[in-house]
Amino acid sequence: MAHFLLASFLVHSTLASLPLVDYNRMGQVALTGAFAGLSLFDNSTPSSFDPSTTSLLSRTTQGTLANLGNTNPGGSISSGCPLGDVFYIAGSFSSIGNVSANYLASYSPSLGTFSSVGSNGPNGPVTAVYCDVPNNNLWVGGHFSSPGSSVAIWNTGSNTWSAPPFKGLSGGNSQVFSITPNTSSSSLFFVGSFVTSFAGNSTLLNNTNNPDVPYSPGASPAEYNNIQAILCPVGPDGPGNTWLAQDGNDALITVLTFSSISAYGIRLGNTFISGYGTTGFSVTSIPDNTVQTMSYVDLSTGQNATCTNLCPLSTDSSVLYQDFLFSSPVTLTGIQITLSEWTGAAPGLHMMQLLSSGAFVSAIADGNTQSCFAPNPSNVTSTGTWTTKDASTVIPATLQTVLVSTVAVGTPAAQAPTFTWMPYVSAAGQYDINMVIPGCADFQDCDLRTSVKMTVFPGGGTQPYVSTVSQQNQEDATILIYSGPVVPTSSTFELTVTMALADSPIGSGQNGDYELVAGNLELTLTSANLTSGSGSASSSANSSSSTGILRGFGFFEWPLNSPTSFDATGTVPAASETFLDGAGVELYNALGASISGSMEVSAVIQHPSGVLFLGGNFESNAGFSNIVAFKNGSLAALTNNGLNGVVSSLALYGDDLYIGGSFSDTQNPSMQGKLRGIAVYHIDSGSWGALGAGLNGPVTDVALSNQQLQVVGNFTEALSPSNIASSAGGLAVWDIASGSWINSGGFVLGNMTFICPSSAVGGKTESQFLAGNVQSMAEYGSTGLVMLSDGAAGPAITPVNVQLDANSNASAVSTVNRRREHHPRGPISWFSQRVKAVLLPRQTSSSVTLPPSPPTPAPAVLAGAFWSNASSSKEVAIIGGNFTFVSASGTVSQAVAIYDPSSSTINALSGSQVYGVVHALLVDSEQHLYVGGEFNLSVANGFAIYDLGAQEWLTSIQPLQAASGTPIVRSISNSAYKPNAVIVAGSFSQADTQLNQWSVLGGGIQGDISSVSYAGSNQEFLIAGGAITLPSGATTSVAQYSFSNATWTTVGNPTDIPGPVTALEVNDGNSSSIFAAGRTSDGSSPFMVFWDGISWSYIGTTLQGNSNISQLLMVPLQNTHSPNSVVESDRMLMVSGSLSDRSFGLASSVLFDGEAFIPYITSLSAQGTMGFVSALFYSIANFSFVQQHFLATGIVILISIAIAAGVVFFLALVGILWTLLSRRDDSAAKYDSSDEDKDSIQHRPSSLLEHINAATRTTILGTSAFNVNTEKEEMAREGASAEPDPFGPDGSNYLRAETPSDAVIGTMAAAEEYSRPAHARYAFDGTEEGELPLTVGLEVEVLDDKDAAWWYVRNPQTGQEGVVPAAYLY
């Protein structure tokens, strides 16, 4: 009858610190299962959240997540940034972390606390923040009216709120969505849904066709004396973009156009080169030689002012340029600018432009040169024959050249010559289009003149405007042919005006001919707003009748060092308008009447070249959608006209622009729908790129850190180029170097709204902050596999960097029931006639069956084994289970993979693919991989062998067979007692025995085997768990097989175990300490039992009925727990699976110390439900549980010297006497390993005692000092009677050594030599006395590893022995 271990009802639900498992003693360690996230158990940190709140999370550079606090229900977090010792969080909330805070809060990482940010802060939601570190200012933007309109500033020095110097932003929805610095962090860009107004028409004024500027003497350095450079400067104030006069002299600059134009004013930008600068100037028009009166904005007052003989030019470096306008448009052929006052050595200029009130185009093609920042010059085309004529102008001594063409009277208009003007128009607006017609009196061709038909195509989707104009005017005339809106539809749009013979021409002609005259066209901007007018004008809801006021939408620039202040909710002075403010004006003009409440600019970023990229929710007839570039003063559509959905965020990495939002392709589809929510635009080549195949939901924010792109949003999967889905519950990471989605390092499931780049806040280590509506979260994110090692205060969990995906061939698999994935290595050599595979199958039907195993949906890792690759000197993990993956070579594979922890890469096995689920793996010393499970392979099913060295599957394996269905292999292992055998266990009926390679253990058993372990000092007993019927007919859940006499027996009373066993563990080979777990026969409840060598006892638990245990494993500790009769103080039993307990809640692994269950690890599935830990596997199969506590080296040396001097002979003498006495008692009981005390562990003594023991053996027994009696060993192995070696290990002469000195003093007779294999990680010359040379990859036998620095080893190839550095082995 089974007994209860009452003490085991105790459960530690919370601990100050978790038990310190000694993973380093186990080598490399990995944890597998069906999970997407893992956390160390902590009752104070929930894994599930209230999704109606928004959580602020921190993320380390390795990806580990931690929850910092939650908002009130319904609250949201939109943005954040670090400043000083705190991190500022903005959004729409009333509290966060249980601290009252409206819309804005600060978080102190050093204190772990939240605080509100002053009083009288923003009175509405805050959606954007920028931390101005040099000035200790926090800029915030959003939708509020106080302290400023949609913009406010918090000064951390004075702890006060204020409005910005420009008062704020309004119009539209009056909301700011992003505040972003320019490339030099000298200006801030505000984007959102707002409208700005600018005075002075300064931005929309077109620089005239580049005039001729004769040589003007300049400074002697060549980089400053080119006057042409300041007409269209291509860079900042400096060499090659600035002109300086000769030191000590005024400067006279002459600008000649060589034709009559209507000029509006000039634009001058001062130079700020040290020691130079203009302070006063005047302008004289040519040819009338009149000093012009100019109007401008006085920067000190913000008011309009006038000047004539001396106009002031600002020396404020924040003012890039000023516009000086004539009192009315002036017809001229040139101007002279006199720089008469200056500062420093001489005057100078960075910019000089002659402005017109619109645009003009000459009928002579050579007269149309390209204006500054225009992508193209104006142009003309014609049909028929046209010749030149010169005509006088109103300006004395000037001529105007025109083109004329004759056409026979009576010619149909469709067959007559035509002439088309295509003036470049930089921006949309209301324009008057005039045609200049020379008088016929000067040309003496009045009889030839007739009427012409003028057709204007203004763009914007409007119909062409047609009018008829007479050219029979006696004097020169300027005829209005169109007045209305002109709307460019793209950066390459060209307004067209076509002249043709009228349908009903007037006049009779001369000599049977008419003459058509093509002169100049002039465009005059009458309003920046697309208001109704003549022609086919449209209307705008945001129109204004104020001529000269320019509107901008969604963009505003503010120089941080600007000393000026004004009210941007009203009209911004022309002098305060920056060049980049033209982006907002251009956007307003391009959107025109389509501007609505849903339109917004959500993100902006500047490329080092100066190009701006604006993204959001907008679409224009000008040929761009949701994203557009602003360069050279105008908007430019991206390739294929942008994107087909909203853009939410931008990030720049070199010349690659990463774009997040809600889209799937370019506006003109070109990417096969692979831009799902995320895209990259290659600026240098103007091409689009995909990130895999995108994400399965919208992206809200992106950030760049450590050459990785972090992406957050409302999605659950990241897609590979072949559309394989990887779990990504709102957070995904794109590795730029490898060009693939990688594991984020943490796990979160939710709708994430914000992420910022990594930064160090308050002296803490660098971390990221992210926020969103979280449903569930785990510290570590990894799909089915993590690496474990010793940490400072608990286990260090390292998620693997690769993504495992769902397996299309198997969506759900059974749990893995086995003990360990690694076992002591034996000298196995693969030849078909030498390897014996031993079966533990279901041979016939049995009334007892295993319970249905819980599903572990893909991706799930269910088995693992470490393999030391001799060719690369790397130790890699081979994993198996139910998953697919994209290997480093880009191929898609499944079920089995090789993961290299050193490079974080994953690769597939060469050859055929495994189709199905892998449950068990084993690697032998000859690089053979044994694979078991429920699968099909071209060469086998359920069981296969892969040659890792040759990289091929072995084809000479006889297949397993099942009574029905597919054979299932659940365990593959080997025993040190039978080093030439592989034990295969599972559910199958028989194997094909044609080549007699399979054999059955003993008389065979019936039923199903779930788990196998070994007992005895040399693993001479096999312990099997499952639902088993023995040859005797006895039914049991745990059975023991003796290799020596080939017999099966039950372990204890079978009725004491309440059901089939699914997991089994033998405590370090002690057959009197066995743990088993499973489900009751009716399948209703889980159970755990303990065998103490006499009877089974229940380990009482409060596990719920939905709990399932997949593995029991004894693990060593770094410290100790209170001793008890069940589990030794230097170890604990790790219980893994999916565990639900009334006391501690949910866990995936717990530790059992013999008295209490300690929750250890929790896991989550990709859907946020409880995950499943399948198994822990490790690289050192025969690790020791003994905790080594070494003394300091100096002390050890002194003690060793003392021992050598005074104790050696005493020990030898005692050993001789003890041997003689023991031989006198012929009836002395022979050592039986089954009677071994459960605390005893076989250990080899120190080298000193080994030599003493060897010398004693030689003296008394007459044997060689270092040769093992192989005949005696073989006799013992086969069960024959043999006299035991009095100096070998048994229960009576073994004493545990806690320190090297203990080993010397306390051990009366040393254990017979016991070795374990190891490999050389590095080469070692071994030239000193007592050292052994090593070559990389050499396999050696470790004889003594008690010293932390040097190990005593043997080269099995040569038989040589010596010491080597311990760190050189693995």
# chains A, B, ... in the order shown; residues from 1 in each chain; ligands from 1
$ closest_atom_pairs --of "range 848-940 of chain A" --to "range 1335-1356 of chain A" --cutoff "12 Å" --atoms "only C-alpha atoms" --output "JSON lines"
{"residue": "A:Ser868", "atom": "CA", "partner": "A:Gly1337", "partner_atom": "CA", "distance": 8.6}
{"residue": "A:Asn869", "atom": "CA", "partner": "A:Gly1337", "partner_atom": "CA", "distance": 8.2}
{"residue": "A:Ala870", "atom": "CA", "partner": "A:Gly1337", "partner_atom": "CA", "distance": 5.1}
{"residue": "A:Ser871", "atom": "CA", "partner": "A:Gly1337", "partner_atom": "CA", "distance": 7.5}
{"residue": "A:Ser872", "atom": "CA", "partner": "A:Gly1337", "partner_atom": "CA", "distance": 8.5}
{"residue": "A:Ser873", "atom": "CA", "partner": "A:Gly1337", "partner_atom": "CA", "distance": 6.0}
{"residue": "A:Lys874", "atom": "CA", "partner": "A:Gly1337", "partner_atom": "CA", "distance": 9.3}
{"residue": "A:Glu875", "atom": "CA", "partner": "A:Gly1337", "partner_atom": "CA", "distance": 10.9}
{"residue": "A:Ser925", "atom": "CA", "partner": "A:Glu1339", "partner_atom": "CA", "distance": 9.6}
{"residue": "A:Glu926", "atom": "CA", "partner": "A:Glu1339", "partner_atom": "CA", "distance": 11.1}
$ residues_around --residues "range 95-97 of chain A" --least-positions-apart "3" --cutoff "8 Å" --atoms "only C-alpha atoms" --output "MDAnalysis selection string"
chainID A and resid 68:72 100:102 105 113:114
$ write_last_selection --atoms "N, CA, C and O atoms" --output "CSV table (one decimal), in the first residue's frame"
chain,number,residue,atom,x,y,z
A,68,LEU,N,6.4,47.8,-15.8
A,68,LEU,CA,6.7,48.9,-14.9
A,68,LEU,C,5.5,49.5,-14.3
A,68,LEU,O,5.5,49.9,-13.1
A,69,GLY,N,4.4,49.5,-15.0
A,69,GLY,CA,3.2,50.0,-14.4
A,69,GLY,C,2.1,50.1,-15.5
A,69,GLY,O,2.3,50.0,-16.7
A,70,ASN,N,0.8,50.2,-15.0
A,70,ASN,CA,-0.3,50.3,-15.9
A,70,ASN,C,-1.1,51.6,-15.7
A,70,ASN,O,-1.2,52.1,-14.6
A,71,THR,N,-1.8,52.0,-16.7
A,71,THR,CA,-2.6,53.2,-16.6
A,71,THR,C,-4.0,52.8,-16.1
A,71,THR,O,-4.3,51.6,-15.8
A,72,ASN,N,-4.8,53.8,-15.9
A,72,ASN,CA,-6.2,53.5,-15.6
A,72,ASN,C,-6.9,52.9,-16.7
A,72,ASN,O,-6.5,52.9,-17.9
A,100,SER,N,-1.7,59.4,-9.5
A,100,SER,CA,-2.5,60.3,-10.3
A,100,SER,C,-1.6,61.2,-11.2
A,100,SER,O,-0.7,61.9,-10.7
A,101,ALA,N,-1.9,61.1,-12.5
A,101,ALA,CA,-1.1,61.9,-13.4
A,101,ALA,C,-2.0,62.1,-14.7
A,101,ALA,O,-2.4,61.1,-15.3
A,102,ASN,N,-2.2,63.3,-15.1
A,102,ASN,CA,-3.1,63.6,-16.3
A,102,ASN,C,-2.2,63.8,-17.5
A,102,ASN,O,-1.4,64.8,-17.6
A,105,ALA,N,3.5,61.8,-17.4
A,105,ALA,CA,4.1,61.3,-16.2
A,105,ALA,C,5.5,61.1,-16.4
A,105,ALA,O,6.0,61.0,-17.5
A,113,THR,N,9.6,54.4,-9.5
A,113,THR,CA,8.4,55.0,-9.2
A,113,THR,C,7.9,56.0,-10.3
A,113,THR,O,8.7,56.5,-11.1
A,114,PHE,N,6.6,56.3,-10.3
A,114,PHE,CA,6.0,57.2,-11.2
A,114,PHE,C,5.7,58.5,-10.5
A,114,PHE,O,5.4,58.5,-9.3
$ closest_residue --among "A:Pro134, A:Gly584, A:Gly1326, A:Gly519" --to "Val380 in chain A" --atoms "only C-alpha atoms"
A:Gly519
$ residues_around --residues "range 186-191 of chain A" --least-positions-apart "6" --cutoff "8 Å" --atoms "only C-alpha atoms" --output "list of chain:residue names"
A:Val176, A:Phe177, A:Ser178, A:Ile179, A:Thr180, A:Gly554, A:Phe555, A:Phe556, A:Glu557, A:Trp558, A:Pro559, A:Leu560, A:Asn561, A:Val601, A:Ser602, A:Ala603, A:Val604
$ write_last_selection --atoms "N, CA, C and O atoms" --output "compact mmCIF listing (two decimals), in the first residue's frame"
# COMPACT_ATOMS: atom_id res chain seq x y z
N VAL A 176 -0.98 67.77 -32.78
CA VAL A 176 0.40 67.44 -33.14
C VAL A 176 0.61 65.96 -32.85
O VAL A 176 0.34 65.48 -31.74
N PHE A 177 1.11 65.24 -33.86
CA PHE A 177 1.32 63.80 -33.69
C PHE A 177 2.78 63.42 -33.49
O PHE A 177 3.06 62.33 -32.99
N SER A 178 3.70 64.26 -33.88
CA SER A 178 5.12 63.91 -33.74
C SER A 178 5.94 65.18 -33.65
O SER A 178 5.64 66.18 -34.31
N ILE A 179 6.96 65.13 -32.80
CA ILE A 179 7.97 66.19 -32.71
C ILE A 179 9.32 65.53 -32.94
O ILE A 179 9.73 64.66 -32.17
N THR A 180 9.99 65.92 -34.01
CA THR A 180 11.21 65.24 -34.45
C THR A 180 12.30 66.27 -34.73
O THR A 180 12.02 67.30 -35.34
N GLY A 554 0.03 70.59 -41.86
CA GLY A 554 0.62 69.42 -41.23
C GLY A 554 2.10 69.48 -40.93
O GLY A 554 2.65 68.51 -40.40
N PHE A 555 2.79 70.58 -41.25
CA PHE A 555 4.24 70.65 -41.01
C PHE A 555 4.61 72.05 -40.59
O PHE A 555 4.16 73.05 -41.17
N PHE A 556 5.49 72.13 -39.56
CA PHE A 556 6.02 73.42 -39.11
C PHE A 556 7.40 73.19 -38.53
O PHE A 556 7.62 72.23 -37.79
N GLU A 557 8.35 74.07 -38.89
CA GLU A 557 9.72 73.97 -38.37
C GLU A 557 9.99 75.11 -37.41
O GLU A 557 9.64 76.26 -37.67
N TRP A 558 10.68 74.76 -36.30
CA TRP A 558 11.06 75.78 -35.31
C TRP A 558 12.54 75.63 -34.98
O TRP A 558 12.96 74.62 -34.42
N PRO A 559 13.38 76.64 -35.35
CA PRO A 559 14.80 76.61 -34.96
C PRO A 559 14.93 76.77 -33.45
O PRO A 559 14.39 77.73 -32.88
N LEU A 560 15.63 75.86 -32.79
CA LEU A 560 15.71 75.88 -31.33
C LEU A 560 16.43 77.11 -30.78
O LEU A 560 16.17 77.53 -29.66
N ASN A 561 17.35 77.69 -31.58
CA ASN A 561 18.08 78.86 -31.08
C ASN A 561 17.49 80.17 -31.59
O ASN A 561 18.12 81.22 -31.49
N VAL A 601 -0.53 64.39 -41.03
CA VAL A 601 0.86 63.99 -41.18
C VAL A 601 1.27 63.39 -39.84
O VAL A 601 1.25 64.07 -38.81
N SER A 602 1.62 62.12 -39.85
CA SER A 602 1.89 61.40 -38.60
C SER A 602 3.36 61.32 -38.26
O SER A 602 3.73 61.16 -37.09
N ALA A 603 4.23 61.38 -39.27
CA ALA A 603 5.66 61.17 -39.02
C ALA A 603 6.47 61.96 -40.02
O ALA A 603 6.04 62.19 -41.16
N VAL A 604 7.65 62.37 -39.60
CA VAL A 604 8.57 63.10 -40.46
C VAL A 604 9.98 62.71 -40.09
O VAL A 604 10.28 62.41 -38.93
$ closest_residue --among "A:Gln430, A:Ser1174, A:Thr290, A:Gln803" --to "Leu719 in chain A" --atoms "only C-alpha atoms"
A:Gln803
$ select_by_dssp --residues "range 636-758 of chain A" --states "strand (DSSP E)" --output "PyMOL selection string"
chain A and resi 636+646-653+656-662+678-682+687-689+694-695+699-705+708-713+717-719+725-727+731-735+740-742+747-755
$ atom_distance --atom1 "CA of Ala1323 in chain A" --atom2 "CA of Gly1362 in chain A"
14.6 Å
$ select_by_dssp --residues "range 453-647 of chain A" --states "helix (DSSP H, G or I)" --output "list in words"
Ala574, Ala575, Ser576, Phe579, Leu580, Asp581, Gly582, Ala583, Gly584, Val585, Glu586, Leu587, Tyr588, Asn589, Ala590, Leu591, Gly592, Ala593, Ser594, Thr639, Asn640 and Asn641 of chain A
$ atom_distance --atom1 "CA of Pro563 in chain A" --atom2 "CA of Ala245 in chain A"
28.4 Å
$ residues_around --residues "Ala1175 in chain A" --least-positions-apart "4" --cutoff "12 Å" --atoms "only C-alpha atoms" --output "VMD selection string"
chain A and resid 29 to 34 784 to 786 815 to 822 860 to 865 879 to 881 919 to 921 1011 1063 1109 to 1113 1134 to 1138 1148 to 1149
$ closest_residue --among "A:Ala502, A:Leu244, A:Ile273, A:Val86" --to "Ala414 in chain A" --atoms "only C-alpha atoms"
A:Ala502
$ decode --residues "range 402-490 of chain A" --atoms "C-alpha atoms" --output "mmCIF file, in the first residue's frame"
data_model
loop_
_atom_site.group_PDB
_atom_site.id
_atom_site.type_symbol
_atom_site.label_atom_id
_atom_site.label_comp_id
_atom_site.auth_asym_id
_atom_site.auth_seq_id
_atom_site.Cartn_x
_atom_site.Cartn_y
_atom_site.Cartn_z
ATOM 1 C CA VAL A 402 8.991 86.264 -80.983
ATOM 2 C CA LEU A 403 8.099 83.424 -83.331
ATOM 3 C CA VAL A 404 5.691 83.706 -86.285
ATOM 4 C CA SER A 405 4.132 81.176 -88.632
ATOM 5 C CA THR A 406 2.067 81.693 -91.793
ATOM 6 C CA VAL A 407 -0.943 79.631 -92.734
ATOM 7 C CA ALA A 408 -3.058 79.791 -95.888
ATOM 8 C CA VAL A 409 -6.425 81.395 -95.546
ATOM 9 C CA GLY A 410 -9.089 78.734 -95.500
ATOM 10 C CA THR A 411 -6.898 76.126 -93.823
ATOM 11 C CA PRO A 412 -8.895 74.152 -91.223
ATOM 12 C CA ALA A 413 -7.794 74.838 -87.665
ATOM 13 C CA ALA A 414 -6.917 71.183 -87.149
ATOM 14 C CA GLN A 415 -4.384 71.374 -89.976
ATOM 15 C CA ALA A 416 -2.860 74.733 -89.045
ATOM 16 C CA PRO A 417 0.409 75.197 -87.106
ATOM 17 C CA THR A 418 0.217 75.124 -83.275
ATOM 18 C CA PHE A 419 2.431 76.441 -80.486
ATOM 19 C CA THR A 420 2.479 75.182 -76.882
ATOM 20 C CA TRP A 421 4.001 76.828 -73.814
ATOM 21 C CA MET A 422 4.834 74.644 -70.782
ATOM 22 C CA PRO A 423 5.823 76.959 -67.915
ATOM 23 C CA TYR A 424 7.189 75.324 -64.758
ATOM 24 C CA VAL A 425 4.857 76.072 -61.826
ATOM 25 C CA SER A 426 6.325 75.303 -58.415
ATOM 26 C CA ALA A 427 3.107 75.248 -56.422
ATOM 27 C CA ALA A 428 -0.635 75.282 -56.716
ATOM 28 C CA GLY A 429 -2.591 78.488 -56.382
ATOM 29 C CA GLN A 430 -4.749 81.043 -58.133
ATOM 30 C CA TYR A 431 -2.946 82.410 -61.195
ATOM 31 C CA ASP A 432 -3.561 84.938 -63.959
ATOM 32 C CA ILE A 433 -2.103 83.754 -67.254
ATOM 33 C CA ASN A 434 -1.305 86.562 -69.691
ATOM 34 C CA MET A 435 -0.033 86.373 -73.253
ATOM 35 C CA VAL A 436 2.192 89.228 -74.427
ATOM 36 C CA ILE A 437 1.294 90.133 -78.054
ATOM 37 C CA PRO A 438 3.617 92.613 -79.855
ATOM 38 C CA GLY A 439 1.756 95.369 -81.662
ATOM 39 C CA CYS A 440 1.288 94.859 -85.420
ATOM 40 C CA ALA A 441 2.276 98.457 -86.130
ATOM 41 C CA ASP A 442 5.906 97.798 -85.171
ATOM 42 C CA PHE A 443 5.918 94.578 -87.183
ATOM 43 C CA GLN A 444 4.015 96.185 -90.133
ATOM 44 C CA ASP A 445 1.954 93.045 -90.496
ATOM 45 C CA CYS A 446 -1.489 94.157 -89.361
ATOM 46 C CA ASP A 447 -3.165 92.767 -92.485
ATOM 47 C CA LEU A 448 -1.662 89.360 -91.816
ATOM 48 C CA ARG A 449 -2.961 89.177 -88.263
ATOM 49 C CA THR A 450 -6.009 87.135 -87.284
ATOM 50 C CA SER A 451 -7.460 85.481 -84.163
ATOM 51 C CA VAL A 452 -6.173 82.415 -82.348
ATOM 52 C CA LYS A 453 -7.695 79.778 -80.098
ATOM 53 C CA MET A 454 -5.993 79.454 -76.664
ATOM 54 C CA THR A 455 -6.416 76.175 -74.688
ATOM 55 C CA VAL A 456 -5.231 76.073 -71.063
ATOM 56 C CA PHE A 457 -4.764 72.771 -69.162
ATOM 57 C CA PRO A 458 -4.483 73.903 -65.496
ATOM 58 C CA GLY A 459 -4.298 70.409 -63.915
ATOM 59 C CA GLY A 460 -6.016 69.192 -60.775
ATOM 60 C CA GLY A 461 -8.476 67.166 -62.777
ATOM 61 C CA THR A 462 -10.232 70.280 -64.114
ATOM 62 C CA GLN A 463 -11.425 70.602 -67.692
ATOM 63 C CA PRO A 464 -9.295 72.592 -70.189
ATOM 64 C CA TYR A 465 -10.204 76.261 -70.561
ATOM 65 C CA VAL A 466 -10.622 77.506 -74.152
ATOM 66 C CA SER A 467 -10.767 81.128 -75.304
ATOM 67 C CA THR A 468 -10.354 83.048 -78.555
ATOM 68 C CA VAL A 469 -7.912 85.976 -78.681
ATOM 69 C CA SER A 470 -7.397 88.542 -81.426
ATOM 70 C CA GLN A 471 -3.815 89.333 -82.386
ATOM 71 C CA GLN A 472 -4.731 92.443 -84.465
ATOM 72 C CA ASN A 473 -3.710 94.908 -81.704
ATOM 73 C CA GLN A 474 -1.816 97.926 -83.037
ATOM 74 C CA GLU A 475 0.316 98.382 -79.883
ATOM 75 C CA ASP A 476 1.943 95.909 -77.580
ATOM 76 C CA ALA A 477 -0.678 94.254 -75.394
ATOM 77 C CA THR A 478 -0.843 91.879 -72.467
ATOM 78 C CA ILE A 479 -3.976 89.800 -72.833
ATOM 79 C CA LEU A 480 -5.475 87.756 -69.977
ATOM 80 C CA ILE A 481 -6.222 84.318 -71.340
ATOM 81 C CA TYR A 482 -6.974 82.480 -68.074
ATOM 82 C CA SER A 483 -7.632 83.303 -64.432
ATOM 83 C CA GLY A 484 -8.122 80.446 -62.018
ATOM 84 C CA PRO A 485 -6.493 77.584 -60.165
ATOM 85 C CA VAL A 486 -3.346 75.851 -61.335
ATOM 86 C CA VAL A 487 -2.819 72.523 -59.566
ATOM 87 C CA PRO A 488 0.365 70.543 -60.271
ATOM 88 C CA THR A 489 -0.400 66.822 -60.040
ATOM 89 C CA SER A 490 3.212 65.677 -59.717
#
